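Q: File target-v9.csv below, CSV, C-alpha atoms:
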```csv
chain,number,residue,atom,x,y,z
A,1,MET,CA,63.1,58.2,145.7
A,2,PHE,CA,66.2,56.8,147.4
A,3,ALA,CA,64.1,54.3,149.3
A,4,GLU,CA,62.4,53.3,146.1
A,5,ARG,CA,65.8,52.7,144.3
A,6,ARG,CA,66.9,50.6,147.3
A,7,LEU,CA,63.8,48.5,147.1
A,8,ARG,CA,64.2,47.9,143.4
A,9,ALA,CA,67.8,47.1,143.8
A,10,ALA,CA,67.1,44.6,146.6
A,11,LEU,CA,64.4,42.8,144.5
A,12,THR,CA,66.6,42.7,141.5
A,13,ALA,CA,69.5,41.3,143.5
A,14,LEU,CA,67.3,38.7,145.0
A,15,ALA,CA,66.0,37.6,141.6
A,16,LEU,CA,69.4,37.6,140.0
A,17,SER,CA,71.1,35.7,142.8
A,18,GLY,CA,68.7,32.9,142.1
A,19,LEU,CA,69.5,33.0,138.4
A,20,ALA,CA,73.2,33.1,139.0
A,21,LEU,CA,73.0,30.2,141.5
A,22,THR,CA,71.1,28.0,139.1
A,23,THR,CA,73.6,28.8,136.3
A,24,LEU,CA,76.7,28.4,138.3
A,25,GLN,CA,75.7,25.0,139.8
A,26,GLY,CA,75.7,23.8,136.2
A,27,THR,CA,72.2,22.3,136.2
A,28,ALA,CA,72.0,22.9,132.5
A,29,GLY,CA,74.4,21.4,130.0
A,30,ALA,CA,76.1,23.5,127.3
A,31,ALA,CA,73.5,22.3,124.7
A,32,ASP,CA,70.7,23.5,126.9
A,33,ALA,CA,72.4,26.8,127.9
A,34,PRO,CA,70.2,29.9,127.5
A,35,ALA,CA,71.1,32.1,124.7
A,36,ALA,CA,73.0,35.3,125.5
A,37,PRO,CA,70.7,38.3,125.9
A,38,ALA,CA,70.4,40.4,122.8
A,39,PRO,CA,72.0,43.9,123.0
A,40,ARG,CA,69.7,46.4,124.6
A,41,ALA,CA,68.3,49.2,122.5
A,42,GLY,CA,70.3,51.7,124.5
A,43,ASP,CA,73.6,49.9,124.2
A,44,SER,CA,76.3,52.0,122.5
A,45,PRO,CA,78.4,50.8,119.6
A,46,VAL,CA,81.5,50.4,121.8
A,47,ALA,CA,79.5,48.5,124.5
A,48,SER,CA,78.2,46.1,121.9
A,49,ILE,CA,81.7,45.5,120.5
A,50,GLU,CA,83.0,44.9,124.0
A,51,ASP,CA,80.2,42.5,124.8
A,52,THR,CA,80.6,40.5,121.6
A,53,THR,CA,84.4,40.3,122.2
A,54,ALA,CA,83.9,39.2,125.8
A,55,ARG,CA,81.6,36.3,124.8
A,56,ALA,CA,84.0,35.1,122.0
A,57,PHE,CA,86.9,35.4,124.4
A,58,ALA,CA,85.0,33.3,127.1
A,59,ARG,CA,84.6,30.4,124.7
A,60,THR,CA,88.4,30.2,124.1
A,61,LEU,CA,88.9,29.6,127.8
A,62,ALA,CA,87.7,26.0,127.3
A,63,GLU,CA,91.3,25.3,126.1
A,64,PRO,CA,93.4,24.5,129.3
A,65,ALA,CA,96.8,25.7,127.9
A,66,TRP,CA,95.4,29.0,126.7
A,67,ARG,CA,93.5,29.4,130.0
A,68,GLU,CA,96.8,29.1,131.9
A,69,GLN,CA,98.5,31.6,129.6
A,70,VAL,CA,95.7,34.1,130.1
A,71,ALA,CA,95.9,33.5,133.9
A,72,ALA,CA,99.6,34.1,134.0
A,73,ALA,CA,99.3,37.3,131.9
A,74,THR,CA,96.5,38.9,133.9
A,75,LEU,CA,98.2,38.1,137.2
A,76,ALA,CA,101.4,39.7,136.0
A,77,ASP,CA,99.8,42.9,134.6
A,78,GLU,CA,96.8,44.9,135.6
A,79,ASP,CA,95.6,45.4,132.0
A,80,VAL,CA,96.6,43.0,129.2
A,81,ASP,CA,96.6,43.8,125.5
A,82,LEU,CA,94.3,41.2,124.1
A,83,LEU,CA,95.6,41.4,120.6
A,84,ALA,CA,99.2,41.0,121.7
A,85,LEU,CA,98.2,38.1,124.0
A,86,THR,CA,96.5,36.2,121.3
A,87,ALA,CA,99.6,36.4,119.1
A,88,LYS,CA,101.4,34.2,121.6
A,89,SER,CA,99.0,31.3,121.2
A,90,ARG,CA,99.1,28.5,118.6
A,91,THR,CA,95.6,27.2,119.6
A,92,ALA,CA,93.2,27.0,116.7
A,93,SER,CA,90.3,28.5,118.6
A,94,VAL,CA,92.5,31.4,119.7
A,95,LYS,CA,93.7,32.0,116.2
A,96,ALA,CA,90.0,32.2,115.1
A,97,PHE,CA,89.3,34.6,118.0
A,98,ARG,CA,92.3,36.8,116.9
A,99,SER,CA,90.6,37.3,113.6
A,100,THR,CA,87.4,38.4,115.3
A,101,LEU,CA,89.5,40.6,117.6
A,102,THR,CA,91.2,42.4,114.7
A,103,GLY,CA,87.9,43.4,113.3
A,104,ALA,CA,86.7,44.5,116.7
A,105,GLU,CA,89.8,46.8,117.1
A,106,THR,CA,88.9,48.5,113.8
A,107,ASP,CA,85.3,48.9,114.8
A,108,VAL,CA,86.2,50.4,118.2
A,109,ALA,CA,88.6,52.9,116.7
A,110,ARG,CA,85.9,53.9,114.2
A,111,ALA,CA,83.2,54.2,116.9
A,112,LYS,CA,85.5,56.5,118.9
A,113,GLY,CA,86.4,58.7,116.0
A,114,LEU,CA,90.1,57.9,116.3
A,115,GLY,CA,91.1,57.2,112.7
A,116,GLN,CA,93.3,54.4,111.6
A,117,ASP,CA,96.8,54.9,113.1
A,118,VAL,CA,95.8,54.0,116.7
A,119,PRO,CA,97.4,51.4,119.0
A,120,SER,CA,95.3,48.4,119.9
A,121,LEU,CA,92.6,49.4,122.4
A,122,LEU,CA,90.9,46.3,123.8
A,123,ARG,CA,92.3,45.0,127.1
A,124,VAL,CA,91.4,42.3,129.6
A,125,SER,CA,91.9,42.6,133.3
A,126,LEU,CA,91.1,40.4,136.3
A,127,THR,CA,88.8,41.2,139.2
A,128,GLY,CA,87.3,39.2,142.0
A,129,PRO,CA,88.9,37.1,144.8
A,130,SER,CA,92.7,36.9,144.8
A,131,VAL,CA,93.9,33.6,143.5
A,132,ASN,CA,97.1,32.2,142.0
A,133,ALA,CA,97.7,31.0,138.5
A,134,ALA,CA,96.9,27.4,139.3
A,135,GLY,CA,93.6,28.4,141.0
A,136,LEU,CA,92.6,30.5,138.0
A,137,ALA,CA,93.3,27.6,135.6
A,138,ARG,CA,91.0,25.3,137.7
A,139,THR,CA,88.3,27.9,138.2
A,140,THR,CA,87.8,29.1,134.6
A,141,PRO,CA,86.7,32.7,135.3
A,142,LEU,CA,83.7,34.2,133.8
A,143,VAL,CA,84.2,37.0,131.2
A,144,ALA,CA,82.3,40.2,131.2
A,145,SER,CA,82.5,43.5,129.3
A,146,ALA,CA,82.7,46.8,131.1
A,147,PRO,CA,79.2,48.0,131.8
A,148,ASP,CA,77.5,51.4,131.4
A,149,GLU,CA,77.8,53.5,134.5
A,150,ASP,CA,74.1,53.2,135.4
A,151,ALA,CA,74.0,49.4,135.0
A,152,GLN,CA,72.8,47.5,138.0
A,153,VAL,CA,73.9,44.2,136.6
A,154,VAL,CA,76.8,42.9,134.5
A,155,VAL,CA,76.4,40.1,132.0
A,156,ALA,CA,79.3,37.7,132.1
A,157,TYR,CA,79.9,34.5,130.1
A,158,ASP,CA,81.4,31.1,130.8
A,159,SER,CA,83.4,29.0,128.5
A,160,ALA,CA,80.2,27.3,127.2
A,161,GLY,CA,78.8,30.6,126.2
A,162,ARG,CA,76.2,30.7,129.0
A,163,ALA,CA,75.2,34.1,130.4
A,164,HIS,CA,75.4,35.0,134.1
A,165,GLU,CA,74.2,38.2,135.6
A,166,LEU,CA,76.4,39.8,138.3
A,167,ASP,CA,75.8,42.7,140.6
A,168,ALA,CA,77.6,45.7,139.0
A,169,THR,CA,77.9,47.6,142.3
A,170,LYS,CA,80.1,45.2,144.2
A,171,ALA,CA,83.1,42.9,143.7
A,172,PRO,CA,82.1,39.5,142.3
A,173,ASP,CA,82.6,36.4,144.5
A,174,ARG,CA,84.5,34.5,141.8
A,175,PRO,CA,87.2,35.6,139.4
A,176,VAL,CA,86.0,37.5,136.4
A,177,TYR,CA,87.9,38.7,133.4
A,178,VAL,CA,86.7,42.1,132.2
A,179,VAL,CA,87.1,43.1,128.6
A,180,GLY,CA,87.1,46.8,127.8
A,181,VAL,CA,88.8,49.7,126.0
A,182,ASP,CA,92.1,51.0,127.3
A,183,GLY,CA,90.7,54.3,128.4
A,184,GLN,CA,94.0,56.1,128.8
A,185,THR,CA,95.3,55.1,125.4
A,186,ALA,CA,92.0,56.1,123.8
A,187,LEU,CA,91.9,59.4,125.7
A,188,THR,CA,95.5,60.3,124.6
A,189,ALA,CA,94.6,59.5,121.0
A,190,GLY,CA,91.2,61.3,121.3
A,191,LEU,CA,92.6,64.5,122.7
A,192,LYS,CA,95.0,64.6,119.7
A,193,VAL,CA,91.9,64.3,117.4
A,194,ILE,CA,90.2,67.2,119.3
A,195,ASP,CA,93.3,69.3,119.0
A,196,ARG,CA,93.6,68.7,115.3
A,197,GLU,CA,89.9,69.3,114.6
A,198,LEU,CA,89.8,72.5,116.6
A,199,ALA,CA,93.1,73.8,115.2
A,200,ALA,CA,91.7,73.2,111.7
A,201,ARG,CA,88.8,75.5,112.6
A,202,GLY,CA,91.1,78.1,114.2
A,203,LEU,CA,90.0,77.3,117.8
A,204,SER,CA,93.2,75.9,119.1
A,205,ARG,CA,96.6,77.0,117.9
A,206,PRO,CA,100.0,78.3,119.2
A,207,ASP,CA,100.3,81.9,120.3
A,208,ALA,CA,101.3,84.1,117.3
A,209,THR,CA,104.7,84.9,118.9
A,210,THR,CA,105.7,81.2,118.8
A,211,THR,CA,104.7,80.4,115.3
A,212,PRO,CA,107.2,80.1,112.5
A,213,SER,CA,105.9,83.3,110.9
A,214,ALA,CA,106.7,85.4,114.0
A,215,SER,CA,109.6,87.8,113.6
A,216,ALA,CA,113.0,86.9,115.2
A,217,ALA,CA,112.6,89.9,117.5
A,218,ASP,CA,109.1,88.8,118.7
A,219,SER,CA,110.4,85.3,119.3
A,220,ALA,CA,113.4,86.5,121.2
A,221,SER,CA,111.2,88.8,123.3
A,222,ALA,CA,108.8,85.9,124.2
A,223,ALA,CA,111.8,83.7,125.0
A,224,ASP,CA,113.3,86.3,127.3
A,225,SER,CA,110.1,87.0,129.2
A,226,GLY,CA,108.8,83.4,129.8
A,227,PHE,CA,105.1,83.2,130.6
A,228,TRP,CA,102.7,83.0,133.6
A,229,THR,CA,100.6,79.9,134.2
A,230,THR,CA,98.0,78.6,136.6
A,231,ARG,CA,99.2,75.4,138.1
A,232,ILE,CA,97.1,72.7,140.0
A,233,THR,CA,98.8,71.8,143.3
A,234,SER,CA,96.0,69.5,144.5
A,235,ILE,CA,92.7,68.2,143.2
A,236,SER,CA,90.0,65.8,144.3
A,237,VAL,CA,86.7,64.7,142.9
A,238,ALA,CA,83.7,63.4,144.9
A,239,ASP,CA,82.3,61.3,142.0
A,240,VAL,CA,84.6,60.3,139.1
A,241,LYS,CA,81.6,58.9,137.2
A,242,GLU,CA,83.2,55.5,136.9
A,243,PRO,CA,81.5,52.3,138.2
A,244,PHE,CA,83.4,49.4,139.9
A,245,PHE,CA,83.8,47.2,136.9
A,246,LYS,CA,85.3,49.9,134.8
A,247,GLY,CA,88.3,50.5,137.0
A,248,ASP,CA,90.1,53.8,137.0
A,249,ALA,CA,88.7,57.0,135.6
A,250,GLU,CA,90.0,58.7,132.5
A,251,MET,CA,89.7,62.4,133.3
A,252,PHE,CA,90.5,65.3,131.0
A,253,GLY,CA,89.9,69.1,130.9
A,254,LEU,CA,88.9,71.6,128.3
A,255,VAL,CA,90.3,75.1,129.1
A,256,THR,CA,88.6,77.9,127.2
A,257,GLY,CA,89.0,81.6,126.7
A,258,PHE,CA,89.7,84.1,123.9
A,259,GLY,CA,93.1,83.6,122.2
A,260,THR,CA,95.4,86.4,121.3
A,261,ASP,CA,93.8,86.6,117.9
A,262,GLY,CA,90.4,87.4,119.5
A,263,LYS,CA,88.9,84.0,118.6
A,264,VAL,CA,87.6,81.4,121.0
A,265,ARG,CA,90.4,79.1,122.1
A,266,VAL,CA,90.1,75.5,123.5
A,267,ASP,CA,93.1,73.7,125.1
A,268,THR,CA,92.9,70.1,126.1
A,269,VAL,CA,94.5,68.9,129.4
A,270,THR,CA,94.8,65.2,130.2
A,271,MET,CA,94.6,64.2,133.9
A,272,PRO,CA,95.7,60.5,134.0
A,273,TYR,CA,96.4,60.7,137.7
A,274,VAL,CA,92.8,61.2,138.8
A,275,ASP,CA,91.7,57.6,139.3
A,276,ASP,CA,89.5,57.4,142.4
A,277,ALA,CA,86.7,59.4,144.0
A,278,ASN,CA,87.4,61.3,147.3
A,279,THR,CA,91.1,61.0,146.8
A,280,THR,CA,93.4,64.1,146.8
A,281,TYR,CA,96.1,64.2,144.1
A,282,TYR,CA,99.0,66.6,144.0
A,283,PRO,CA,100.0,66.8,140.3
A,284,GLY,CA,101.7,70.2,140.1
A,285,GLN,CA,100.2,70.3,136.6
A,286,ILE,CA,99.9,73.4,134.4
A,287,LEU,CA,96.2,74.0,133.7
A,288,VAL,CA,96.3,77.4,131.9
A,289,ASN,CA,99.1,79.0,129.9
A,290,TRP,CA,98.2,82.7,130.0
A,291,SER,CA,100.4,83.6,127.1
A,292,ASN,CA,97.8,81.9,124.9
A,293,TYR,CA,94.9,84.1,126.0
A,294,LYS,CA,93.9,87.7,125.3
A,295,TYR,CA,92.0,88.3,128.5
A,296,ASN,CA,93.0,87.6,132.1
A,297,LEU,CA,90.2,85.1,132.5
A,298,ALA,CA,89.6,81.5,131.4
A,299,ASP,CA,87.2,78.7,132.2
A,300,ALA,CA,87.9,75.0,132.7
A,301,VAL,CA,85.5,72.1,132.2
A,302,LEU,CA,86.4,68.7,133.7
A,303,MET,CA,85.1,65.5,132.0
A,304,GLU,CA,85.5,61.8,132.2
A,305,ASP,CA,85.5,59.4,129.3
A,306,ASP,CA,83.3,56.4,130.1
A,307,GLY,CA,84.3,54.5,127.0
A,308,ASP,CA,82.0,55.6,124.2
A,309,THR,CA,83.2,59.1,123.4
A,310,ASN,CA,83.5,59.8,119.7
A,311,TYR,CA,86.3,62.4,119.9
A,312,SER,CA,85.8,63.6,116.3
A,313,SER,CA,82.1,64.2,116.9
A,314,LEU,CA,82.9,65.9,120.2
A,315,ALA,CA,85.3,68.3,118.5
A,316,LYS,CA,82.9,69.1,115.7
A,317,ALA,CA,80.1,69.7,118.1
A,318,LEU,CA,82.3,72.1,120.1
A,319,ALA,CA,83.4,73.9,117.0
A,320,ALA,CA,79.9,74.3,115.7
A,321,VAL,CA,78.9,76.2,118.9
A,322,LEU,CA,82.1,78.0,119.7
A,323,LEU,CA,82.6,79.4,116.2
A,324,THR,CA,79.4,81.4,116.7
A,325,ILE,CA,80.9,83.3,119.7
A,326,THR,CA,82.8,86.5,118.8
A,327,ASP,CA,85.0,88.7,120.8
A,328,GLN,CA,82.9,91.6,122.1
A,329,GLY,CA,85.9,93.4,123.7
A,330,ALA,CA,85.3,91.8,127.1
A,331,TYR,CA,85.6,88.3,128.5
A,332,ILE,CA,82.6,86.0,128.0
A,333,PRO,CA,82.3,82.8,130.1
A,334,LEU,CA,82.3,79.8,127.8
A,335,VAL,CA,81.4,76.9,130.1
A,336,ASP,CA,77.8,77.0,129.2
A,337,ALA,CA,78.5,77.0,125.5
A,338,ILE,CA,80.6,73.8,125.9
A,339,VAL,CA,78.0,72.1,128.0
A,340,ASP,CA,75.2,73.1,125.5
A,341,ALA,CA,77.3,71.7,122.6
A,342,MET,CA,77.1,68.2,123.9
A,343,PRO,CA,74.3,65.9,122.6
A,344,THR,CA,71.9,64.6,125.3
A,345,SER,CA,73.1,61.0,124.8
A,346,TRP,CA,76.6,62.1,126.0
A,347,TRP,CA,75.3,62.7,129.4
A,348,THR,CA,74.7,59.0,130.0
A,349,ASP,CA,77.8,56.9,129.3
A,350,ASP,CA,80.0,59.0,127.0
A,351,PRO,CA,82.1,61.9,128.2
A,352,ASP,CA,80.6,62.5,131.6
A,353,TYR,CA,80.5,66.1,132.8
A,354,VAL,CA,82.4,66.2,136.1
A,355,ASP,CA,82.5,69.9,137.0
A,356,SER,CA,83.4,73.3,135.8
A,357,PHE,CA,85.4,76.3,137.0
A,358,TYR,CA,84.4,79.7,135.9
A,359,THR,CA,86.6,82.8,135.6
A,360,LEU,CA,90.0,81.6,136.6
A,361,ALA,CA,92.4,84.6,136.5
A,362,ARG,CA,96.2,84.7,136.3
A,363,GLU,CA,96.1,86.0,139.9
A,364,THR,CA,93.8,83.2,141.2
A,365,THR,CA,95.3,81.2,144.0
A,366,GLY,CA,94.1,78.9,146.8
A,367,THR,CA,91.3,76.4,146.8
A,368,ARG,CA,88.3,76.6,144.4
A,369,VAL,CA,85.2,74.4,144.4
A,370,GLY,CA,83.6,73.7,141.1
A,371,ALA,CA,80.2,75.0,140.1
A,372,SER,CA,78.7,71.6,140.7
A,373,ALA,CA,80.5,71.1,144.0
A,374,ASN,CA,81.9,67.8,142.7
A,375,ALA,CA,85.5,68.8,142.2
A,376,ARG,CA,87.8,70.8,144.4
A,377,MET,CA,91.2,72.1,143.3
A,378,THR,CA,94.0,74.3,144.7
A,379,VAL,CA,95.8,76.4,142.3
A,380,GLU,CA,98.8,78.7,142.3
A,381,ARG,CA,100.5,81.2,140.0
A,382,TYR,CA,103.5,79.7,138.4
A,383,TYR,CA,106.0,81.5,136.2
A,384,VAL,CA,107.7,79.4,133.4
A,385,SER,CA,111.1,80.9,132.6
A,386,THR,CA,113.4,79.9,129.7
A,387,LEU,CA,116.6,78.0,130.3
```
What's the structure tokens form of this structure?
A:
Amino acid sequence: MFAERRLRAALTALALSGLALTTLQGTAGAADAPAAPAPRAGDSPVASIEDTTARAFARTLAEPAWREQVAAATLADEDVDLLALTAKSRTASVKAFRSTLTGAETDVARAKGLGQDVPSLLRVSLTGPSVNAAGLARTTPLVASAPDEDAQVVVAYDSAGRAHELDATKAPDRPVYVVGVDGQTALTAGLKVIDRELAARGLSRPDATTTPSASAADSASAADSGFWTTRITSISVADVKEPFFKGDAEMFGLVTGFGTDGKVRVDTVTMPYVDDANTTYYPGQILVNWSNYKYNLADAVLMEDDGDTNYSSLAKALAAVLLTITDQGAYIPLVDAIVDAMPTSWWTDDPDYVDSFYTLARETTGTRVGASANARMTVERYYVSTL
């Protein structure tokens, strides 16, 4: 199977290199340029929006002054807010693009189930050979959108709207602007959506002793005693489920168990520091707050957002399954229920399953390897006391 994949990839690369060479040599004029490929049937809504935005953005780079402005911005910052960047240009073509971009921002937020009050999400970053601003202005980089994780090729556009196909598995040999969703901003907003949706269904809420309805005596007792947690001292992931063109991973965790009210509880944990595969991070991050749980056991599922996660749909799918599970007077592992709640399409380029950790106890310490042997983390008991 591996040899077969290598053969297909080699043949594809050979064919595409010929196509790219022909296009890059400029043998065809803009009028004779091939039309951009139509979106594939499997393209997600977010991927389609990113691709359309990338092509429109590429056409604006025909304007030299704007091209220099984009070059300076992307050299100064790793990820540049496209909407903010276009606000600084007086060029007519850029103003028209800004109108398109505003609609794209609305569409992306809707596709990801984030509601209306969300910061701008579409960003542009620069990849490829290191060059200075003057070099970028002369070169006129191609513009691509972030591909799906299984993509072998990346479609990129030049300022005439011509399509070029690049190898998705390696760095390009010329500068390329990559248009995509700011994953960390989307993840932060998305986890808030999940928290709200689950809380509304009674699956995620503060412990009873910390709610406004708790008695003063109960609150004082909780404040005096503090609470025990499980803290991550180190973590590494063999595969972060993120291809080259998409940059850093956007990892998050779902911690599950039975709350103090006997109902299933889900707590979200963001892990913005996990960027690269086979790299050990030392976050000192609290994973489980044991004061929120009835039993001395909890599970953790690690996931990565590849761009097309609809957080509202994810929360509803989780709730639909988890609400059917009742407390039987003993701990029940919930990882399988969470995994089963995810539609099949979400195992392609939506929230990728990274790994899971069953039966974490308050006393658990040392290194644990996930059930899929993809993630490894070292945890310790950590007592949080009051000031």
Q: Fewer than 3 positions away in the same chain doesn't count, so skip those; otherwise give me all residues within 7 Å of Leu83 in chain A, counting only C-alpha atoms, as a short mmCIF file (atom, residue, chain, number, x, y, z; two decimals) with C-alpha atoms, in the coordinates of the input.
A:
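Final output, saved to result02.cif:
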```cif
data_model
loop_
_atom_site.label_atom_id
_atom_site.label_comp_id
_atom_site.auth_asym_id
_atom_site.auth_seq_id
_atom_site.Cartn_x
_atom_site.Cartn_y
_atom_site.Cartn_z
CA THR A 86 96.50 36.20 121.30
CA ALA A 87 99.60 36.40 119.10
CA ARG A 98 92.30 36.80 116.90
CA LEU A 101 89.50 40.60 117.60
#
```
Q: So how far away is CA of Val155 in chain A from CA of Ala58 in chain A, in Å?
A: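 Those two atoms sit 12.0 Å apart.
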Q: List the neighbours of range 317-333 of chain A out to 8 Å using all atoms listed in the file; skip same-chain residues closer than 5 positions along the sequence, and give me the result as a PyMOL selection string.
A: chain A and resi 198+201+203+257-258+262-264+295+297-299+338+341-342+358-359
Q: Around the point (89.5, 35.8, 130.9) in the file's coordinates, collect all residues with an atom within 8 Å, using all atoms listed in the file, and return them as a PDB file with C-alpha atoms, in the frame of the given file.
A:
```
ATOM      1  CA  PHE A  57      86.900  35.400 124.400  1.00  0.00           C
ATOM      2  CA  ALA A  58      85.000  33.300 127.100  1.00  0.00           C
ATOM      3  CA  LEU A  61      88.900  29.600 127.800  1.00  0.00           C
ATOM      4  CA  ARG A  67      93.500  29.400 130.000  1.00  0.00           C
ATOM      5  CA  VAL A  70      95.700  34.100 130.100  1.00  0.00           C
ATOM      6  CA  ALA A  71      95.900  33.500 133.900  1.00  0.00           C
ATOM      7  CA  VAL A 124      91.400  42.300 129.600  1.00  0.00           C
ATOM      8  CA  SER A 125      91.900  42.600 133.300  1.00  0.00           C
ATOM      9  CA  LEU A 126      91.100  40.400 136.300  1.00  0.00           C
ATOM     10  CA  THR A 140      87.800  29.100 134.600  1.00  0.00           C
ATOM     11  CA  PRO A 141      86.700  32.700 135.300  1.00  0.00           C
ATOM     12  CA  LEU A 142      83.700  34.200 133.800  1.00  0.00           C
ATOM     13  CA  VAL A 143      84.200  37.000 131.200  1.00  0.00           C
ATOM     14  CA  VAL A 176      86.000  37.500 136.400  1.00  0.00           C
ATOM     15  CA  TYR A 177      87.900  38.700 133.400  1.00  0.00           C
ATOM     16  CA  VAL A 178      86.700  42.100 132.200  1.00  0.00           C
TER      17      VAL A 178
END
```
Q: Between CA of Phe227 in chain A and CA of Glu250 in chain A, what distance in Å does the model show, to one decimal?
A: 28.8 Å
Q: Please return, as a list in words, all polymer residues that have at least one atom within 12 Å of the point (96.7, 30.0, 141.4); use only C-alpha atoms and the file's own coordinate frame.
A: Arg67, Glu68, Ala71, Ala72, Thr74, Leu75, Pro129, Ser130, Val131, Asn132, Ala133, Ala134, Gly135, Leu136, Ala137, Arg138, Thr139, Thr140 and Pro175 of chain A
Q: Could you jot down the CA of Asp79 in chain A to CA of Asp195 in chain A separation for me, Å, one decimal place?
A: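 Between these atoms lies a distance of 27.3 Å.
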Q: For Thr280 in chain A, which residue among A:Ser145, A:Ala189, A:Thr52, A:Arg376 is the nearest when counting all atoms listed in the file?
A: A:Arg376
Q: For Val154 in chain A, please output as a list in words all residues within 7 Å (counting all atoms listed in the file; exclusion window: fewer than 3 positions along the same chain).
A: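 The filter keeps Ala144, Pro147, Glu165, Leu166, Asp167 and Ala168 of chain A.
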Q: From the list A:Leu360, A:Leu334, A:Ala277, A:Ala65, which residue is nearest Asn374 in chain A when using all atoms listed in the file?
A: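 Going through A:Leu360, A:Leu334, A:Ala277, A:Ala65 one by one, the smallest distance to Asn374 in chain A is for A:Ala277.
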Q: Which of these residues is nearest to Asp158 in chain A, using only C-alpha atoms: A:Lys192, A:Lys95, A:Arg59, A:Arg368?
A: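 Closest to Asp158 in chain A, using only C-alpha atoms: A:Arg59.
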Q: So that I can see what lies close to Val193 in chain A, please list as a list in words the residues with an atom at most 12 Å from it, counting all atoms listed in the file and leaving out residues fewer than 3 positions away in the same chain.
A: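 My list of contacting residues is Ala109, Lys112, Gly113, Leu114, Gly115, Gln116, Asp117, Val118, Ala186, Leu187, Thr188, Ala189, Gly190, Arg196, Glu197, Leu198, Ala199, Ala200, Ser204, Thr268, Thr309, Asn310, Tyr311, Ser312, Ser313, Leu314, Ala315 and Lys316 of chain A.
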Q: Next, dump the selected residues to file, keeping only C-alpha atoms, as a compact mmCIF listing (two decimals), keeping the file's coordinate frame.
A:
```txt
# COMPACT_ATOMS: atom_id res chain seq x y z
CA ALA A 109 88.60 52.90 116.70
CA LYS A 112 85.50 56.50 118.90
CA GLY A 113 86.40 58.70 116.00
CA LEU A 114 90.10 57.90 116.30
CA GLY A 115 91.10 57.20 112.70
CA GLN A 116 93.30 54.40 111.60
CA ASP A 117 96.80 54.90 113.10
CA VAL A 118 95.80 54.00 116.70
CA ALA A 186 92.00 56.10 123.80
CA LEU A 187 91.90 59.40 125.70
CA THR A 188 95.50 60.30 124.60
CA ALA A 189 94.60 59.50 121.00
CA GLY A 190 91.20 61.30 121.30
CA ARG A 196 93.60 68.70 115.30
CA GLU A 197 89.90 69.30 114.60
CA LEU A 198 89.80 72.50 116.60
CA ALA A 199 93.10 73.80 115.20
CA ALA A 200 91.70 73.20 111.70
CA SER A 204 93.20 75.90 119.10
CA THR A 268 92.90 70.10 126.10
CA THR A 309 83.20 59.10 123.40
CA ASN A 310 83.50 59.80 119.70
CA TYR A 311 86.30 62.40 119.90
CA SER A 312 85.80 63.60 116.30
CA SER A 313 82.10 64.20 116.90
CA LEU A 314 82.90 65.90 120.20
CA ALA A 315 85.30 68.30 118.50
CA LYS A 316 82.90 69.10 115.70
```
Q: Contacts of Asp81 in chain A at 8 Å or less, counting only C-alpha atoms, minus same-chain residues fewer than 5 places along, as an mmCIF file with C-alpha atoms, in the frame of the given file?
A:
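Final output, saved to around-v6.cif:
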```
data_model
loop_
_atom_site.group_PDB
_atom_site.id
_atom_site.type_symbol
_atom_site.label_atom_id
_atom_site.label_comp_id
_atom_site.auth_asym_id
_atom_site.auth_seq_id
_atom_site.Cartn_x
_atom_site.Cartn_y
_atom_site.Cartn_z
ATOM 1 C CA SER A 120 95.300 48.400 119.900
ATOM 2 C CA LEU A 121 92.600 49.400 122.400
ATOM 3 C CA LEU A 122 90.900 46.300 123.800
ATOM 4 C CA ARG A 123 92.300 45.000 127.100
ATOM 5 C CA VAL A 124 91.400 42.300 129.600
#
```
